[in-house]
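In what follows, a single structure is set out as structure tokens and then discussed.
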Amino acid sequence: MCARAAAARADAIVTVGYGRLAFVAQHVSRLLRLPLITFFHDWWPDLVVGLTPRLRKLLDANFRRLASRSDLIFPVTRALSDELGGHHNSVILPPIPASVTSSAAGESSVLASKSKRNNQVLVYAGMLSGTYGKLLRGLAHESLAEKSGNWSLRLYGPVDDWSEAEQLFLEKSGIYCGSLRQGRELDLALGSADALLVVMDFEPRNSRRVRTSFPSKLLDYARFGKPLVTWAPEHSFAVQFSREKQLGLVMTDKSPTQFWKNLNAAASESVVCIQ
């Protein structure tokens with residue numbers, strides 16, 4: 001990397017604070033005496049599994065050092081910037097969403113207007129494994145127990161740690177709809193929904209990452225002009241942003257039963273605008 005950067009007569013080294021290569025970039029910038037520009041999308045150390053408390057503390061310190069030795073940093077939230085140590089040259093840069101194709105937007109709008117469905121459709125597209133998968137499977141089973149009222153849930157995403165039996169069951173129930181890549185098919189699925197779901201982790205051990213990260217779905221979903229339903233802990237950035245921007249309904253209770261109860265109550269009071 002040093003030789004290539006030197007040969008290219010680089011003016012700066014740019015990296016993302018994710019994985020070991022970020023620290024390599026930090027080392028190269030010092031060797032070549034070039035400015036280091038670092039993008040911080042998440043608190044990466046909290047995503048590394050299997051660390052002892054001592055190693056996690058060390059990785060946290062190295063992560064903050066990466067920020068302090070950068071000449072310019074681009075964190076996604078103010079909370080992340082503060083957690084990194086309050087860099088003197090920090091510019092908050094939220095995630096940049098992909099643009100929806102005009103044909104997909106128009107087609108999804110036609111599909112939604114022509115459909116004669118009895119239930120409103122709540123759509124989630126994204127991570128369906130780990131703690132997120134556990135939360136969403138709980139939400140799915142509650143909906144099948146007729147707790148969802150006039151709402152139907154649809155889930156899109158990879159299900160790496162689901163059992164084959166559960167995947168098949170939720171497929172047959174019409175809730176799990178497979179994994180769609182970014183593009184026209186996913187745009188159609190999101191655009192035909194009545195509301196879109198944003199979920200954040202409720203596990204206490206992940207509270208720092210939840211507090212400092214900017215869920216890209218908040219912006220990816222916004223391009224469809226649909227009400228958002230944010231299901232996340234009170235301390236999360238997602239909840240603060242959704243309330244501040246009045247994006248739709250915010251729910252901070254972890255209970256799936258309470259989720260459906262609140263959503264039905266909000267819909268009946270027109271807090272979430274349907275049709």
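Quick note on naming: the chains in the structure tokens go A, B, ... in the order shown, residues restart at 1 in each chain, and ligands are numbered from 1 in order of appearance.
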Could you please write out, as a PyMOL selection string, every residue of region 182-269 of chain A that DSSP assigns to strand (DSSP E or B)?
chain A and resi 195-199+228-231+248-251
Using 9 Å as the limit and counting only C-alpha atoms, can you tabulate each residue of region 134-231 of chain A that touches region 70-79 of chain A, with its shortest atom-to-atom distance in Å and the two atoms involved, as a tab-separated table?
residue	atom	partner	partner_atom	distance
A:Arg211	CA	A:Ala79	CA	7.1
A:Thr212	CA	A:Ala79	CA	5.0
A:Ser213	CA	A:Thr77	CA	6.7
A:Phe214	CA	A:Val76	CA	6.2
Preceding selection exported with all heavy atoms as a PDB file, in the first residue's frame:
ATOM      1  N   ARG A 211     -26.863   3.799  20.245  1.00  0.00           N
ATOM      2  CA  ARG A 211     -26.922   5.236  20.564  1.00  0.00           C
ATOM      3  C   ARG A 211     -26.164   6.092  19.554  1.00  0.00           C
ATOM      4  O   ARG A 211     -26.533   7.239  19.296  1.00  0.00           O
ATOM      5  CB  ARG A 211     -26.352   5.453  21.969  1.00  0.00           C
ATOM      6  CG  ARG A 211     -26.260   6.901  22.413  1.00  0.00           C
ATOM      7  CD  ARG A 211     -25.809   6.999  23.854  1.00  0.00           C
ATOM      8  NE  ARG A 211     -24.576   6.274  24.115  1.00  0.00           N
ATOM      9  CZ  ARG A 211     -23.353   6.750  23.862  1.00  0.00           C
ATOM     10  NH1 ARG A 211     -23.211   7.959  23.320  1.00  0.00           N
ATOM     11  NH2 ARG A 211     -22.280   6.037  24.138  1.00  0.00           N
ATOM     12  N   THR A 212     -25.110   5.533  18.948  1.00  0.00           N
ATOM     13  CA  THR A 212     -24.240   6.341  18.093  1.00  0.00           C
ATOM     14  C   THR A 212     -24.459   6.132  16.597  1.00  0.00           C
ATOM     15  O   THR A 212     -23.997   6.942  15.795  1.00  0.00           O
ATOM     16  CB  THR A 212     -22.761   6.032  18.395  1.00  0.00           C
ATOM     17  OG1 THR A 212     -22.514   4.628  18.206  1.00  0.00           O
ATOM     18  CG2 THR A 212     -22.419   6.409  19.831  1.00  0.00           C
ATOM     19  N   SER A 213     -25.144   5.070  16.207  1.00  0.00           N
ATOM     20  CA  SER A 213     -25.255   4.767  14.775  1.00  0.00           C
ATOM     21  C   SER A 213     -26.505   5.391  14.157  1.00  0.00           C
ATOM     22  O   SER A 213     -27.519   5.592  14.815  1.00  0.00           O
ATOM     23  CB  SER A 213     -25.253   3.258  14.542  1.00  0.00           C
ATOM     24  OG  SER A 213     -26.412   2.667  15.093  1.00  0.00           O
ATOM     25  N   PHE A 214     -26.403   5.687  12.870  1.00  0.00           N
ATOM     26  CA  PHE A 214     -27.498   6.265  12.081  1.00  0.00           C
ATOM     27  C   PHE A 214     -28.008   5.160  11.168  1.00  0.00           C
ATOM     28  O   PHE A 214     -27.370   4.835  10.173  1.00  0.00           O
ATOM     29  CB  PHE A 214     -26.971   7.440  11.258  1.00  0.00           C
ATOM     30  CG  PHE A 214     -28.036   8.304  10.634  1.00  0.00           C
ATOM     31  CD1 PHE A 214     -27.959   9.684  10.738  1.00  0.00           C
ATOM     32  CD2 PHE A 214     -29.115   7.768   9.949  1.00  0.00           C
ATOM     33  CE1 PHE A 214     -28.926  10.501  10.170  1.00  0.00           C
ATOM     34  CE2 PHE A 214     -30.085   8.566   9.387  1.00  0.00           C
ATOM     35  CZ  PHE A 214     -29.991   9.939   9.496  1.00  0.00           C
TER      36      PHE A 214
END
Pick out the closest residue to Lys147 (chain A) from this set: A:Asn206, A:Gln258, A:Ser173, A:Ser268. Count only C-alpha atoms.
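Answer, going by the shortest atom-to-atom distance: A:Gln258.
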So which residues of region 21-183 of chain A fall under helix (DSSP H, G or I) by DSSP, listed as a ChimeraX atom specification?
/A:21-32,44-47,53-68,78-83,102-114,130-147,164-172
When you count only C-alpha atoms, which of these residues is closest to Ala12 (chain A): A:Ala25, A:Leu168, A:Ala98, A:Leu128?
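When distances to Ala12 (chain A) are compared using only C-alpha atoms, the smallest one comes from A:Ala25.
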Name the closest residue to Ser163 (chain A) among the candidates A:Ser129, A:Asn89, A:Asn62, A:Thr230; distances are taken between atoms, counting only C-alpha atoms.
A:Ser129
Show me, as a VMD selection string, the residues that have an atom within 9 Å of Tyr18 (chain A) when counting only C-alpha atoms, minus same-chain residues fewer than 2 positions from it.
chain A and resid 15 to 16 20 to 22 39 to 45
Using the selection just defined, write its residues with N, CA and C atoms as a PDB file, in the first residue's frame.
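Below is the file selection.pdb, written as the result:
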ATOM      1  N   THR A  15      -9.850   6.393   4.359  1.00  0.00           N
ATOM      2  CA  THR A  15     -10.231   5.066   4.827  1.00  0.00           C
ATOM      3  C   THR A  15     -11.576   5.121   5.543  1.00  0.00           C
ATOM      4  N   VAL A  16     -12.089   3.944   5.854  1.00  0.00           N
ATOM      5  CA  VAL A  16     -13.338   3.800   6.614  1.00  0.00           C
ATOM      6  C   VAL A  16     -13.006   3.088   7.920  1.00  0.00           C
ATOM      7  N   ARG A  20      -9.522  -4.140  10.001  1.00  0.00           N
ATOM      8  CA  ARG A  20      -8.096  -3.927  10.244  1.00  0.00           C
ATOM      9  C   ARG A  20      -7.435  -3.000   9.234  1.00  0.00           C
ATOM     10  N   LEU A  21      -7.978  -2.913   8.028  1.00  0.00           N
ATOM     11  CA  LEU A  21      -7.345  -2.078   7.007  1.00  0.00           C
ATOM     12  C   LEU A  21      -7.335  -0.597   7.388  1.00  0.00           C
ATOM     13  N   ALA A  22      -8.262  -0.190   8.234  1.00  0.00           N
ATOM     14  CA  ALA A  22      -8.269   1.208   8.681  1.00  0.00           C
ATOM     15  C   ALA A  22      -6.991   1.535   9.445  1.00  0.00           C
ATOM     16  N   PHE A  39     -13.784   7.956   7.460  1.00  0.00           N
ATOM     17  CA  PHE A  39     -15.243   7.910   7.578  1.00  0.00           C
ATOM     18  C   PHE A  39     -15.602   6.914   8.678  1.00  0.00           C
ATOM     19  N   PHE A  40     -16.480   7.327   9.588  1.00  0.00           N
ATOM     20  CA  PHE A  40     -16.933   6.454  10.677  1.00  0.00           C
ATOM     21  C   PHE A  40     -18.434   6.226  10.541  1.00  0.00           C
ATOM     22  N   HIS A  41     -18.802   4.996  10.140  1.00  0.00           N
ATOM     23  CA  HIS A  41     -20.214   4.661   9.931  1.00  0.00           C
ATOM     24  C   HIS A  41     -20.849   3.987  11.144  1.00  0.00           C
ATOM     25  N   ASP A  42     -20.021   3.503  12.052  1.00  0.00           N
ATOM     26  CA  ASP A  42     -20.523   2.718  13.176  1.00  0.00           C
ATOM     27  C   ASP A  42     -19.420   2.614  14.214  1.00  0.00           C
ATOM     28  N   TRP A  43     -19.791   2.140  15.426  1.00  0.00           N
ATOM     29  CA  TRP A  43     -18.748   1.861  16.410  1.00  0.00           C
ATOM     30  C   TRP A  43     -18.292   0.432  16.163  1.00  0.00           C
ATOM     31  N   TRP A  44     -17.316   0.285  15.257  1.00  0.00           N
ATOM     32  CA  TRP A  44     -16.908  -1.032  14.772  1.00  0.00           C
ATOM     33  C   TRP A  44     -16.479  -1.987  15.879  1.00  0.00           C
ATOM     34  N   PRO A  45     -15.740  -1.581  16.918  1.00  0.00           N
ATOM     35  CA  PRO A  45     -15.328  -2.555  17.936  1.00  0.00           C
ATOM     36  C   PRO A  45     -16.485  -3.344  18.551  1.00  0.00           C
TER      37      PRO A  45
END
I'd like the contact shell of Glu166 (chain A) - 12 Å cut-off, only C-alpha atoms, skipping same-chain residues fewer than 4 positions apart - returned as a count of residues only.
16
Shortest interatomic distance to Gln120 (chain A) - which of A:Arg154, A:Arg9, A:His88, A:Arg208, counting only C-alpha atoms:
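Closest to Gln120 (chain A), using only C-alpha atoms: A:Arg154.
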Just how far from CA of Gly85 (chain A) is CA of Thr131 (chain A), in Å to one decimal?
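About the pair CA of Thr131 (chain A) and CA of Gly85 (chain A): they are 28.5 Å apart.
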Leaving out Ala238 (chain A) and any residue of its chain fewer than 5 positions from it, which residues lie within 12 Å of it when counting only C-alpha atoms, given as a PyMOL selection string?
chain A and resi 77+79+197-201+209-219+228-233+243-252
Contact residues around Leu66 (chain A) with only C-alpha atoms at 9 Å, ignoring same-chain residues under 6 positions, as number ranges by chain:
A: 17, 22-23, 26, 38, 84
Same residues, all heavy atoms, output as a tab-separated table (two decimals), in the first residue's frame:
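Output contents, as saved in again.tsv:
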chain	number	residue	atom	x	y	z
A	17	GLY	N	-13.50	3.60	9.02
A	17	GLY	CA	-13.22	3.01	10.34
A	17	GLY	C	-13.95	1.71	10.54
A	17	GLY	O	-14.87	1.61	11.36
A	22	ALA	N	-8.26	-0.19	8.23
A	22	ALA	CA	-8.27	1.21	8.68
A	22	ALA	C	-6.99	1.53	9.44
A	22	ALA	O	-6.42	2.63	9.28
A	22	ALA	CB	-9.49	1.47	9.56
A	23	PHE	N	-6.51	0.57	10.24
A	23	PHE	CA	-5.29	0.80	10.99
A	23	PHE	C	-4.05	0.73	10.09
A	23	PHE	O	-3.06	1.41	10.33
A	23	PHE	CB	-5.18	-0.22	12.12
A	23	PHE	CG	-6.35	-0.17	13.08
A	23	PHE	CD1	-7.28	-1.20	13.12
A	23	PHE	CD2	-6.53	0.91	13.92
A	23	PHE	CE1	-8.36	-1.15	13.98
A	23	PHE	CE2	-7.60	0.98	14.80
A	23	PHE	CZ	-8.53	-0.05	14.83
A	26	GLN	N	-3.90	4.11	8.59
A	26	GLN	CA	-3.33	5.05	9.57
A	26	GLN	C	-1.81	4.96	9.57
A	26	GLN	O	-1.11	5.99	9.57
A	26	GLN	CB	-3.88	4.72	10.96
A	26	GLN	CG	-3.28	5.55	12.08
A	26	GLN	CD	-3.71	5.03	13.46
A	26	GLN	OE1	-4.74	4.40	13.59
A	26	GLN	NE2	-2.90	5.30	14.46
A	38	THR	N	-10.88	9.92	7.55
A	38	THR	CA	-11.55	8.68	7.96
A	38	THR	C	-13.05	8.87	8.08
A	38	THR	O	-13.52	9.81	8.72
A	38	THR	CB	-10.99	8.18	9.30
A	38	THR	OG1	-9.56	8.12	9.23
A	38	THR	CG2	-11.52	6.79	9.62
A	84	LEU	N	-16.01	9.29	19.91
A	84	LEU	CA	-14.65	9.16	19.37
A	84	LEU	C	-13.67	10.12	20.04
A	84	LEU	O	-12.47	10.02	19.84
A	84	LEU	CB	-14.67	9.43	17.86
A	84	LEU	CG	-15.28	8.31	17.00
A	84	LEU	CD1	-15.54	8.81	15.59
A	84	LEU	CD2	-14.39	7.08	16.99
How many Å lie between CA of Leu36 (chain A) and CA of Leu51 (chain A), rounded to one decimal?
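CA of Leu51 (chain A) lies at a distance of 27.6 Å from CA of Leu36 (chain A).
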